[in-house]
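Q: I'm passing along run.csv; it holds CSV, C-alpha atoms (C1' of nucleotides).
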```
chain,number,residue,atom,x,y,z
A,1,MET,CA,127.2,15.9,90.5
A,2,ARG,CA,126.7,17.9,93.6
A,3,ILE,CA,128.0,20.8,95.6
A,4,SER,CA,129.6,20.0,99.0
A,5,ALA,CA,128.7,21.6,102.3
A,6,LYS,CA,132.1,23.4,102.1
A,7,GLY,CA,131.1,25.1,98.9
A,8,ILE,CA,127.8,26.2,100.4
A,9,TYR,CA,129.6,27.5,103.5
A,10,ALA,CA,132.0,29.5,101.3
A,11,ILE,CA,129.2,31.2,99.5
A,12,GLN,CA,127.4,32.0,102.8
A,13,ALA,CA,130.6,33.5,104.2
A,14,MET,CA,131.2,35.5,101.1
A,15,LEU,CA,127.6,36.7,101.2
A,16,GLU,CA,128.0,37.8,104.8
A,17,LEU,CA,131.2,39.7,103.9
A,18,ALA,CA,129.5,41.3,100.9
A,19,GLU,CA,126.6,42.5,103.1
A,20,SER,CA,129.1,44.4,105.4
A,21,TYR,CA,131.4,45.6,102.6
A,22,GLU,CA,130.0,49.1,102.6
A,23,GLN,CA,130.8,49.6,106.3
A,24,LYS,CA,134.5,49.0,105.6
A,25,ASN,CA,135.1,47.1,108.8
A,26,TYR,CA,136.4,43.6,109.3
A,27,LEU,CA,134.2,40.7,110.4
A,28,THR,CA,135.7,38.1,112.7
A,29,ILE,CA,135.5,34.4,112.1
A,30,ASN,CA,133.1,34.1,115.1
A,31,GLU,CA,130.8,36.8,113.7
A,32,ILE,CA,130.6,35.0,110.3
A,33,ALA,CA,130.3,31.6,111.9
A,34,ASP,CA,127.5,32.7,114.2
A,35,LYS,CA,125.4,34.6,111.7
A,36,GLN,CA,125.7,32.0,109.0
A,37,MET,CA,125.7,28.9,111.3
A,38,ILE,CA,128.9,27.6,110.0
A,39,PRO,CA,131.1,25.4,112.2
A,40,HIS,CA,133.8,27.7,113.5
A,41,SER,CA,136.9,25.5,113.0
A,42,PHE,CA,135.7,24.5,109.5
A,43,LEU,CA,135.2,28.1,108.6
A,44,ILE,CA,138.8,28.9,109.4
A,45,GLN,CA,139.9,26.5,106.7
A,46,ILE,CA,137.5,27.9,104.2
A,47,LEU,CA,138.5,31.5,104.8
A,48,HIS,CA,142.1,30.5,104.5
A,49,GLU,CA,141.4,29.1,101.0
A,50,LEU,CA,139.4,32.2,100.1
A,51,LYS,CA,142.3,34.4,101.2
A,52,HIS,CA,144.8,32.3,99.4
A,53,ALA,CA,142.8,32.9,96.2
A,54,ASN,CA,142.7,36.6,96.9
A,55,LEU,CA,138.9,36.8,97.3
A,56,VAL,CA,139.2,38.1,100.9
A,57,ASP,CA,141.6,40.2,102.9
A,58,SER,CA,142.4,39.6,106.5
A,59,ARG,CA,143.8,41.6,109.4
A,60,ARG,CA,145.1,40.3,112.7
A,61,GLY,CA,144.8,41.7,116.2
A,62,CYS,CA,142.1,43.9,117.8
A,63,GLY,CA,139.6,45.0,115.2
A,64,GLY,CA,140.9,42.4,112.8
A,65,GLY,CA,139.0,39.9,110.8
A,66,TYR,CA,138.1,39.4,107.2
A,67,ARG,CA,136.6,41.5,104.4
A,68,LEU,CA,136.2,41.1,100.7
A,69,SER,CA,139.3,42.1,98.7
A,70,ARG,CA,137.2,43.6,95.9
A,71,TYR,CA,133.8,45.2,95.4
A,72,PRO,CA,131.0,42.6,95.6
A,73,CYS,CA,130.1,43.5,92.0
A,74,ASN,CA,133.5,42.3,90.9
A,75,ILE,CA,133.3,38.9,92.5
A,76,ASN,CA,131.1,36.2,90.9
A,77,LEU,CA,129.7,33.0,92.1
A,78,GLY,CA,131.7,30.9,89.8
A,79,GLU,CA,135.0,32.1,91.2
A,80,VAL,CA,134.0,30.9,94.7
A,81,ILE,CA,132.5,27.6,93.7
A,82,TYR,CA,135.3,26.6,91.4
A,83,LEU,CA,137.8,27.5,94.0
A,84,ILE,CA,136.3,25.1,96.5
A,85,GLU,CA,134.8,22.5,94.3
A,86,GLY,CA,137.1,22.4,91.3
A,87,PRO,CA,135.7,22.8,87.8
A,88,PRO,CA,132.2,21.5,87.2
A,89,LEU,CA,131.9,17.9,85.8
A,90,PRO,CA,135.5,17.0,86.1
A,91,PHE,CA,136.3,13.4,85.4
A,92,LYS,CA,139.1,11.8,83.5
A,93,CYS,CA,137.8,12.3,80.0
A,94,THR,CA,137.6,16.0,80.5
A,95,LEU,CA,140.9,16.7,82.1
A,96,GLU,CA,143.9,17.7,80.2
A,97,PRO,CA,146.4,16.1,79.4
A,98,ILE,CA,147.8,13.8,82.0
A,99,GLU,CA,144.8,11.6,82.5
A,100,LYS,CA,144.0,11.3,78.8
A,101,ARG,CA,145.8,8.1,78.4
A,102,ASN,CA,143.4,6.2,80.6
A,103,CYS,CA,140.9,6.3,77.8
A,104,PRO,CA,141.9,5.1,74.3
A,105,LYS,CA,138.9,6.7,72.8
A,106,ILE,CA,139.7,10.2,74.0
A,107,ASP,CA,140.5,11.5,70.5
A,108,HIS,CA,137.2,10.4,69.0
A,109,CYS,CA,134.9,10.3,72.0
A,110,VAL,CA,131.3,11.1,71.5
A,111,MET,CA,130.8,12.3,75.0
A,112,LYS,CA,133.6,14.8,75.3
A,113,PRO,CA,131.8,17.6,73.3
A,114,ILE,CA,128.7,17.0,75.4
A,115,TRP,CA,130.6,17.4,78.7
A,116,ASP,CA,132.4,20.4,77.3
A,117,GLN,CA,129.2,22.0,76.3
A,118,LEU,CA,127.6,21.3,79.7
A,119,ARG,CA,130.6,22.6,81.6
A,120,GLU,CA,130.6,25.8,79.6
A,121,SER,CA,126.9,26.3,80.2
A,122,ILE,CA,127.3,25.9,83.9
A,123,GLN,CA,130.3,28.2,84.0
A,124,HIS,CA,128.5,30.8,81.9
A,125,THR,CA,125.5,30.8,84.3
A,126,LEU,CA,127.6,31.0,87.5
A,127,SER,CA,130.0,33.6,86.3
A,128,ALA,CA,127.1,35.9,85.3
A,129,ILE,CA,126.0,36.2,89.0
A,130,SER,CA,127.9,38.7,91.2
A,131,PHE,CA,127.7,39.0,94.9
A,132,GLU,CA,126.2,42.4,94.5
A,133,ASP,CA,123.3,40.7,92.6
A,134,LEU,CA,123.0,38.3,95.4
A,135,ILE,CA,122.7,40.9,98.2
A,136,ASN,CA,120.3,42.9,96.1
A,137,GLU,CA,118.2,39.8,95.7
A,138,GLU,CA,118.4,39.2,99.4
A,139,HIS,CA,117.2,42.7,100.2
A,140,ALA,CA,114.4,42.3,97.8
A,141,ILE,CA,113.3,39.0,99.4
A,142,ASN,CA,113.5,40.3,102.9
A,143,SER,CA,111.6,43.4,102.2
A,144,SER,CA,108.9,41.5,100.4
A,145,SER,CA,108.4,38.9,103.1
A,146,PRO,CA,108.7,40.6,106.5
A,147,ASP,CA,106.7,37.8,108.2
A,148,LEU,CA,109.3,35.2,107.3
A,149,CYS,CA,112.1,37.5,108.4
A,150,ASN,CA,110.4,38.1,111.8
A,151,THR,CA,109.8,34.4,112.2
A,152,ASP,CA,113.5,33.8,111.7
A,153,CYS,CA,114.5,36.5,114.2
A,154,ASN,CA,112.1,35.0,116.8
A,155,THR,CA,113.3,31.5,116.5
A,156,GLY,CA,117.0,32.5,116.5
B,1,MET,CA,130.1,18.6,91.0
B,2,ARG,CA,131.3,15.7,89.0
B,3,ILE,CA,130.2,12.4,87.4
B,4,SER,CA,131.5,9.2,88.9
B,5,ALA,CA,133.1,6.3,87.0
B,6,LYS,CA,130.0,4.3,87.6
B,7,GLY,CA,127.9,6.9,85.6
B,8,ILE,CA,130.4,6.9,82.8
B,9,TYR,CA,130.4,3.1,82.7
B,10,ALA,CA,126.6,3.1,82.5
B,11,ILE,CA,126.7,5.4,79.5
B,12,GLN,CA,129.4,3.3,77.8
B,13,ALA,CA,127.3,0.1,78.4
B,14,MET,CA,124.2,1.8,77.0
B,15,LEU,CA,126.1,3.0,74.0
B,16,GLU,CA,127.3,-0.5,73.3
B,17,LEU,CA,123.8,-1.9,73.6
B,18,ALA,CA,122.5,0.9,71.4
B,19,GLU,CA,125.1,0.0,68.7
B,20,SER,CA,123.8,-3.5,68.5
B,21,TYR,CA,120.1,-2.8,68.9
B,22,GLU,CA,119.4,-3.2,65.2
B,23,GLN,CA,120.8,-6.8,65.2
B,24,LYS,CA,118.1,-7.8,67.8
B,25,ASN,CA,120.4,-10.1,69.6
B,26,TYR,CA,121.5,-10.0,73.3
B,27,LEU,CA,125.0,-8.9,74.4
B,28,THR,CA,126.5,-10.8,77.3
B,29,ILE,CA,128.1,-9.0,80.2
B,30,ASN,CA,131.5,-10.2,79.1
B,31,GLU,CA,131.0,-8.8,75.6
B,32,ILE,CA,130.1,-5.4,77.0
B,33,ALA,CA,132.8,-5.4,79.6
B,34,ASP,CA,135.5,-6.4,77.1
B,35,LYS,CA,134.5,-4.0,74.4
B,36,GLN,CA,134.1,-1.0,76.7
B,37,MET,CA,136.8,-2.0,79.2
B,38,ILE,CA,134.5,-2.0,82.2
B,39,PRO,CA,135.4,-4.2,85.2
B,40,HIS,CA,133.2,-7.2,84.8
B,41,SER,CA,131.9,-7.5,88.4
B,42,PHE,CA,131.1,-3.8,88.6
B,43,LEU,CA,129.3,-3.9,85.3
B,44,ILE,CA,126.9,-6.6,86.7
B,45,GLN,CA,125.8,-4.1,89.4
B,46,ILE,CA,125.3,-1.4,86.8
B,47,LEU,CA,123.3,-3.5,84.4
B,48,HIS,CA,121.2,-4.6,87.3
B,49,GLU,CA,120.3,-1.0,88.1
B,50,LEU,CA,119.6,-0.2,84.4
B,51,LYS,CA,117.4,-3.2,84.2
B,52,HIS,CA,115.5,-2.3,87.4
B,53,ALA,CA,114.9,1.1,85.9
B,54,ASN,CA,113.5,-0.6,82.7
B,55,LEU,CA,116.2,0.8,80.5
B,56,VAL,CA,117.5,-2.6,79.5
B,57,ASP,CA,116.0,-6.1,79.0
B,58,SER,CA,117.8,-9.3,79.9
B,59,ARG,CA,117.5,-12.9,79.0
B,60,ARG,CA,119.1,-15.9,80.8
B,61,GLY,CA,120.5,-19.1,79.5
B,62,CYS,CA,122.3,-19.7,76.2
B,63,GLY,CA,122.0,-16.8,73.8
B,64,GLY,CA,121.0,-14.6,76.7
B,65,GLY,CA,122.4,-11.3,77.8
B,66,TYR,CA,121.2,-7.7,77.7
B,67,ARG,CA,119.7,-5.4,75.1
B,68,LEU,CA,117.9,-2.0,75.3
B,69,SER,CA,114.3,-2.2,76.3
B,70,ARG,CA,113.4,0.7,73.9
B,71,TYR,CA,114.6,2.2,70.7
B,72,PRO,CA,117.8,4.2,71.1
B,73,CYS,CA,116.0,7.3,70.0
B,74,ASN,CA,113.6,6.9,72.9
B,75,ILE,CA,116.3,6.8,75.6
B,76,ASN,CA,118.1,9.9,76.6
B,77,LEU,CA,121.3,10.6,78.4
B,78,GLY,CA,119.6,12.3,81.3
B,79,GLU,CA,117.7,9.1,82.2
B,80,VAL,CA,120.8,7.1,82.5
B,81,ILE,CA,122.9,9.7,84.4
B,82,TYR,CA,120.1,10.6,86.9
B,83,LEU,CA,119.5,7.0,87.6
B,84,ILE,CA,123.1,6.4,88.5
B,85,GLU,CA,124.1,9.8,89.9
B,86,GLY,CA,120.9,11.1,91.3
B,87,PRO,CA,119.6,14.5,90.3
B,88,PRO,CA,122.2,17.2,89.4
B,89,LEU,CA,123.4,19.6,92.1
B,90,PRO,CA,121.6,17.9,94.9
B,91,PHE,CA,122.3,19.3,98.3
B,92,LYS,CA,120.1,19.9,101.3
B,93,CYS,CA,118.8,23.3,100.1
B,94,THR,CA,117.4,21.9,96.9
B,95,LEU,CA,115.8,18.7,98.2
B,96,GLU,CA,112.1,18.6,99.2
B,97,PRO,CA,110.8,18.5,101.8
B,98,ILE,CA,112.4,16.4,104.5
B,99,GLU,CA,115.8,18.1,104.6
B,100,LYS,CA,114.3,21.6,104.4
B,101,ARG,CA,114.4,22.1,108.2
B,102,ASN,CA,118.2,22.0,108.2
B,103,CYS,CA,118.2,25.5,106.8
B,104,PRO,CA,116.1,28.2,108.4
B,105,LYS,CA,116.5,30.4,105.4
B,106,ILE,CA,115.0,28.0,103.0
B,107,ASP,CA,111.8,30.0,102.4
B,108,HIS,CA,113.7,33.2,101.5
B,109,CYS,CA,117.1,31.9,100.3
B,110,VAL,CA,118.8,33.8,97.5
B,111,MET,CA,120.6,30.7,96.3
B,112,LYS,CA,117.7,28.4,95.7
B,113,PRO,CA,116.4,30.0,92.5
B,114,ILE,CA,120.0,29.9,91.2
B,115,TRP,CA,120.4,26.2,91.9
B,116,ASP,CA,117.0,25.5,90.4
B,117,GLN,CA,117.8,27.3,87.3
B,118,LEU,CA,121.2,25.5,87.0
B,119,ARG,CA,119.6,22.1,87.5
B,120,GLU,CA,116.9,22.8,84.9
B,121,SER,CA,119.5,23.9,82.4
B,122,ILE,CA,121.5,20.7,82.9
B,123,GLN,CA,118.5,18.5,82.7
B,124,HIS,CA,117.3,20.3,79.6
B,125,THR,CA,120.7,19.7,77.9
B,126,LEU,CA,121.0,16.1,78.9
B,127,SER,CA,117.4,15.1,78.1
B,128,ALA,CA,117.7,16.5,74.6
B,129,ILE,CA,120.4,14.0,73.7
B,130,SER,CA,119.2,10.5,72.8
B,131,PHE,CA,121.3,7.4,72.3
B,132,GLU,CA,120.5,7.4,68.7
B,133,ASP,CA,122.1,10.9,68.5
B,134,LEU,CA,125.2,9.4,70.2
B,135,ILE,CA,125.6,6.5,67.9
B,136,ASN,CA,125.1,8.7,64.8
B,137,GLU,CA,127.7,11.0,66.2
B,138,GLU,CA,130.0,8.0,66.8
B,139,HIS,CA,129.6,6.8,63.3
B,140,ALA,CA,130.3,10.3,61.9
B,141,ILE,CA,133.5,10.6,64.0
B,142,ASN,CA,134.8,7.1,63.1
B,143,SER,CA,134.2,7.6,59.4
B,144,SER,CA,135.9,11.0,59.4
B,145,SER,CA,139.0,9.7,61.2
B,146,PRO,CA,139.7,6.2,59.9
B,147,ASP,CA,143.3,6.3,61.1
B,148,LEU,CA,142.3,6.7,64.7
B,149,CYS,CA,139.8,3.9,64.4
B,150,ASN,CA,142.4,1.6,62.9
B,151,THR,CA,144.8,2.4,65.6
B,152,ASP,CA,142.2,1.5,68.2
B,153,CYS,CA,141.5,-1.8,66.5
B,154,ASN,CA,145.2,-2.7,66.3
B,155,THR,CA,145.9,-2.0,69.9
B,156,GLY,CA,142.7,-3.7,71.1
C,1,DT,C1',120.1,-32.1,83.8
C,2,DT,C1',123.7,-29.5,82.6
C,3,DG,C1',125.9,-25.5,81.2
C,4,DT,C1',125.4,-20.7,80.8
C,5,DA,C1',124.2,-16.5,82.5
C,6,DC,C1',121.8,-13.5,85.6
C,7,DT,C1',120.7,-12.2,90.9
C,8,DC,C1',121.7,-10.7,95.2
C,9,DG,C1',124.0,-9.7,99.3
C,10,DA,C1',128.2,-9.2,101.9
C,11,DC,C1',132.5,-7.3,102.1
C,12,DT,C1',136.7,-4.1,101.6
C,13,DA,C1',140.6,-0.8,100.7
C,14,DG,C1',141.2,3.6,99.8
C,15,DA,C1',139.7,8.3,99.0
C,16,DC,C1',137.2,12.0,100.3
C,17,DC,C1',134.1,14.9,103.4
C,18,DA,C1',133.1,17.5,107.4
C,19,DA,C1',134.8,18.8,111.3
C,20,DT,C1',137.8,19.2,115.6
C,21,DA,C1',141.9,20.7,118.2
C,22,DA,C1',145.6,23.1,119.5
C,23,DG,C1',149.8,25.6,119.5
C,24,DG,C1',151.9,29.5,117.0
C,25,DA,C1',152.4,34.1,114.9
C,26,DA,C1',151.2,38.8,114.5
C,27,DG,C1',148.9,43.2,115.5
C,28,DG,C1',147.3,46.7,118.8
C,29,DG,C1',146.6,48.9,123.2
C,30,DA,C1',148.1,49.9,128.0
D,1,DT,C1',157.3,45.1,127.4
D,2,DC,C1',153.2,42.6,128.5
D,3,DC,C1',148.8,41.0,127.4
D,4,DC,C1',144.8,40.4,124.8
D,5,DT,C1',142.7,39.6,120.5
D,6,DT,C1',142.6,37.6,116.2
D,7,DC,C1',144.3,35.1,112.4
D,8,DC,C1',147.6,31.1,110.7
D,9,DT,C1',148.9,26.4,110.2
D,10,DT,C1',149.2,21.6,110.8
D,11,DA,C1',147.6,17.3,112.5
D,12,DT,C1',144.1,14.3,113.3
D,13,DT,C1',139.6,11.9,113.3
D,14,DG,C1',135.1,9.7,112.5
D,15,DG,C1',132.1,8.9,109.0
D,16,DT,C1',130.6,8.2,104.3
D,17,DC,C1',131.3,7.3,99.5
D,18,DT,C1',133.7,5.2,95.6
D,19,DA,C1',135.0,1.5,93.0
D,20,DG,C1',135.2,-2.3,93.0
D,21,DT,C1',135.6,-8.0,94.5
D,22,DC,C1',133.7,-12.4,95.9
D,23,DG,C1',130.7,-16.1,96.1
D,24,DA,C1',126.6,-18.6,96.7
D,25,DG,C1',122.1,-18.9,94.7
D,26,DT,C1',118.5,-18.7,90.9
D,27,DA,C1',116.6,-19.1,86.3
D,28,DC,C1',116.6,-20.3,81.6
D,29,DA,C1',117.5,-23.0,77.2
D,30,DA,C1',119.1,-26.9,74.8
```
Mind converting the file's structure to structure tokens?
A:
Amino acid sequence: MRISAKGIYAIQAMLELAESYEQKNYLTINEIADKQMIPHSFLIQILHELKHANLVDSRRGCGGGYRLSRYPCNINLGEVIYLIEGPPLPFKCTLEPIEKRNCPKIDHCVMKPIWDQLRESIQHTLSAISFEDLINEEHAINSSSPDLCNTDCNTG
Amino acid sequence: MRISAKGIYAIQAMLELAESYEQKNYLTINEIADKQMIPHSFLIQILHELKHANLVDSRRGCGGGYRLSRYPCNINLGEVIYLIEGPPLPFKCTLEPIEKRNCPKIDHCVMKPIWDQLRESIQHTLSAISFEDLINEEHAINSSSPDLCNTDCNTG
DNA sequence: TTGTACTCGACTAGACCAATAAGGAAGGGA
DNA sequence: TCCCTTCCTTATTGGTCTAGTCGAGTACAA
């Protein structure tokens, strides 16, 4: 019942790409890794998965790198998290249909409706948040707390 | 973002104890393990944790075993799951305060309010479901689908 | 005091997580 | 064509977690 570091890194990378989406240029792996403090080699894997899922575009050679494949308002948090983490609350009872047979109670299990309801609630929450929402929120936070922002710049 | 087998076993064991709560007698580890198909040695560990958290009572010697320490209506699903799994969605960003320093953005992080909201939503859902609700639901399911129940009895 | 049942700690195989490493492929400029 | 930059792909690794097993010890009830 947790989110892995990989999932967090994926969100951070997507946020970084969303921030620079307006400028239409590509960000290199190093730029993303440095700004978001993500291990470079690990980020390669993550971006590869994001690209495979059509969430980001890439270009090789000079001036190449990564950028979002869609407008930030058209990509939501759930897409990224489910890609990396799988669906929320997955365990045998909730998976269809191969793993069903492990549990003889599956057809009259009291827990299944509860897990289903919980999963839907999480999915609903996460899919309602787009990356545009997140960068707007980020701008609001940064402009309302300049001291914290400066502290960050000084220590970095 | 998942629930482990241990967490599921804990719920199954608690359900079994809730079912027999009215009879006031103790269930042995073997009875619980057999009825719920939980590995015997693993169940010992789980019941130990449940006892340590005051969710169940135990008695040694002949006629001993386990029973719930409270009425089923006074024990909710969240208590059991958080005991075994820890709080939902725990990762560094959401933990206080020791692990804060790993993330320089913690004080103005766009994700923190989202994780907090999600965690609260999950906790709210799970703490609203008591074990009495679950056994009532179980009785309702079993009485509305006698065929499935019989199948189960025959194969067990 | 004897049998039953709980307690506690040590141990393990396998899966998964987080990350590293390195050679290869492709694109762009000189 | 050559060379530099950048992404692409696969293999590997150390550590941690999961899902248990095993066995000796302790406590209770008849």
Q: Could you list, as a ChimeraX atom specification, every residue within 6 Å of segment 124-134 of chain A, counting all atoms listed in the file and ignoring same-chain residues fewer than 6 positions away?
A: /A:72-73,75-78
Q: Might you pull out every residue within 10 Å of Leu118 of chain B, with all atoms listed in the file counted and same-chain residues fewer than 5 positions away left off, and present them as a list in words?
A: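 These residues fall inside the cut-off: Ser121, Ile122, Gln123, Thr125 and Leu126 of chain A; Pro88, Leu89, Lys112, Pro113, Gln123 and His124 of chain B.
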Q: Please tabulate, as JSON lines, the residues of chain D that come within 8 Å of chain A, each with its closest pair of atoms and the distance in Å to one decimal, counting only C-alpha atoms (C1' of nucleotides) and ordering rows by chain, then residue number upward.
A:
```
{"residue": "D:DT5", "atom": "C1'", "partner": "A:Cys62", "partner_atom": "CA", "distance": 5.1}
{"residue": "D:DT6", "atom": "C1'", "partner": "A:Gly61", "partner_atom": "CA", "distance": 4.7}
{"residue": "D:DC7", "atom": "C1'", "partner": "A:Arg60", "partner_atom": "CA", "distance": 5.3}
```
Q: Have a look at atom CA of Ile81 of chain A and atom CA of Lys6 of chain B and let me know their distance in Å, one decimal.
A: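 Going from atom CA of Ile81 of chain A over to atom CA of Lys6 of chain B, I get 24.2 Å.
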Q: Taking all atoms listed in the file into account, which residues of chain C are within 8 Å of chain B, as an MDAnalysis selection string?
A: chainID C and resid 4:6
Q: Do a neighbour search on DA13 of chain C at 12 Å with only C-alpha atoms (C1' of nucleotides), toss out local chain neighbours closer than 3 positions, and write the hits as JSON, numbers by chain.
A: {"D": [18, 19, 20, 21]}
Q: Write to file, as a PDB file, in the frame of the given file, the residues of the selection just made, with C-alpha atoms (C1' of nucleotides).
A:
```
ATOM      1  C1'  DT D  18     133.700   5.200  95.600  1.00  0.00           C
ATOM      2  C1'  DA D  19     135.000   1.500  93.000  1.00  0.00           C
ATOM      3  C1'  DG D  20     135.200  -2.300  93.000  1.00  0.00           C
ATOM      4  C1'  DT D  21     135.600  -8.000  94.500  1.00  0.00           C
TER       5       DT D  21
END
```
Q: Using only C-alpha atoms, what table do you get, as a tab-separated table, when you list each residue of chain A with an atom no more than 6 Å from chain B, its nearest pair of atoms, and their distance in Å rounded to one decimal, rows by chain then rising number?
A:
```
residue	atom	partner	partner_atom	distance
A:Met1	CA	B:Met1	CA	4.0
A:Arg2	CA	B:Leu89	CA	4.0
A:Ile3	CA	B:Met1	CA	5.5
A:Pro88	CA	B:Met1	CA	5.2
A:Leu89	CA	B:Arg2	CA	3.9
A:Pro90	CA	B:Arg2	CA	5.3
A:Val110	CA	B:Glu138	CA	5.8
A:Glu138	CA	B:Val110	CA	5.7
```
Q: In Å, how far is it from atom CA of Ala18 of chain A to atom CA of Asp34 of chain A?
A: 16.0 Å
Q: I want to know what sits within 9 Å of Leu43 of chain B, based on all atoms listed in the file, with residues of the same chain fewer than 2 positions away left out; could you give that as a list in words?
A: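 Contacts, with the query itself left out: Lys6, Tyr9, Ala10, Ala13, Ile29, Ile32, Ala33, Ile38, Pro39, His40, Ser41, Gln45, Ile46, Leu47 and His48 of chain B.
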Q: Could you please take those selected residues and save C-alpha atoms as a PDB file, in the coordinates of the input?
A:
```
ATOM      1  CA  LYS B   6     130.000   4.300  87.600  1.00  0.00           C
ATOM      2  CA  TYR B   9     130.400   3.100  82.700  1.00  0.00           C
ATOM      3  CA  ALA B  10     126.600   3.100  82.500  1.00  0.00           C
ATOM      4  CA  ALA B  13     127.300   0.100  78.400  1.00  0.00           C
ATOM      5  CA  ILE B  29     128.100  -9.000  80.200  1.00  0.00           C
ATOM      6  CA  ILE B  32     130.100  -5.400  77.000  1.00  0.00           C
ATOM      7  CA  ALA B  33     132.800  -5.400  79.600  1.00  0.00           C
ATOM      8  CA  ILE B  38     134.500  -2.000  82.200  1.00  0.00           C
ATOM      9  CA  PRO B  39     135.400  -4.200  85.200  1.00  0.00           C
ATOM     10  CA  HIS B  40     133.200  -7.200  84.800  1.00  0.00           C
ATOM     11  CA  SER B  41     131.900  -7.500  88.400  1.00  0.00           C
ATOM     12  CA  GLN B  45     125.800  -4.100  89.400  1.00  0.00           C
ATOM     13  CA  ILE B  46     125.300  -1.400  86.800  1.00  0.00           C
ATOM     14  CA  LEU B  47     123.300  -3.500  84.400  1.00  0.00           C
ATOM     15  CA  HIS B  48     121.200  -4.600  87.300  1.00  0.00           C
TER      16      HIS B  48
END
```
Q: Between atom CA of Lys51 of chain A and atom CA of Val80 of chain A, what is the distance, to one decimal in Å?
A: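 Answer for the atom CA of Lys51 of chain A to atom CA of Val80 of chain A separation: 11.1 Å.
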Q: Using all atoms listed in the file, which residues sit within 12 Å of DC17 of chain D once same-chain residues fewer than 4 positions away are excluded, as a PDB file with C-alpha atoms (C1' of nucleotides), in the coordinates of the input?
A:
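result-v4.pdb, written as the output of this step:
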```pdb
ATOM      1  CA  SER B   4     131.500   9.200  88.900  1.00  0.00           C
TER       2      SER B   4
ATOM      3  C1'  DG C  14     141.200   3.600  99.800  1.00  0.00           C
ATOM      4  C1'  DA C  15     139.700   8.300  99.000  1.00  0.00           C
ATOM      5  C1'  DC C  16     137.200  12.000 100.300  1.00  0.00           C
ATOM      6  C1'  DC C  17     134.100  14.900 103.400  1.00  0.00           C
TER       7       DC C  17
END
```
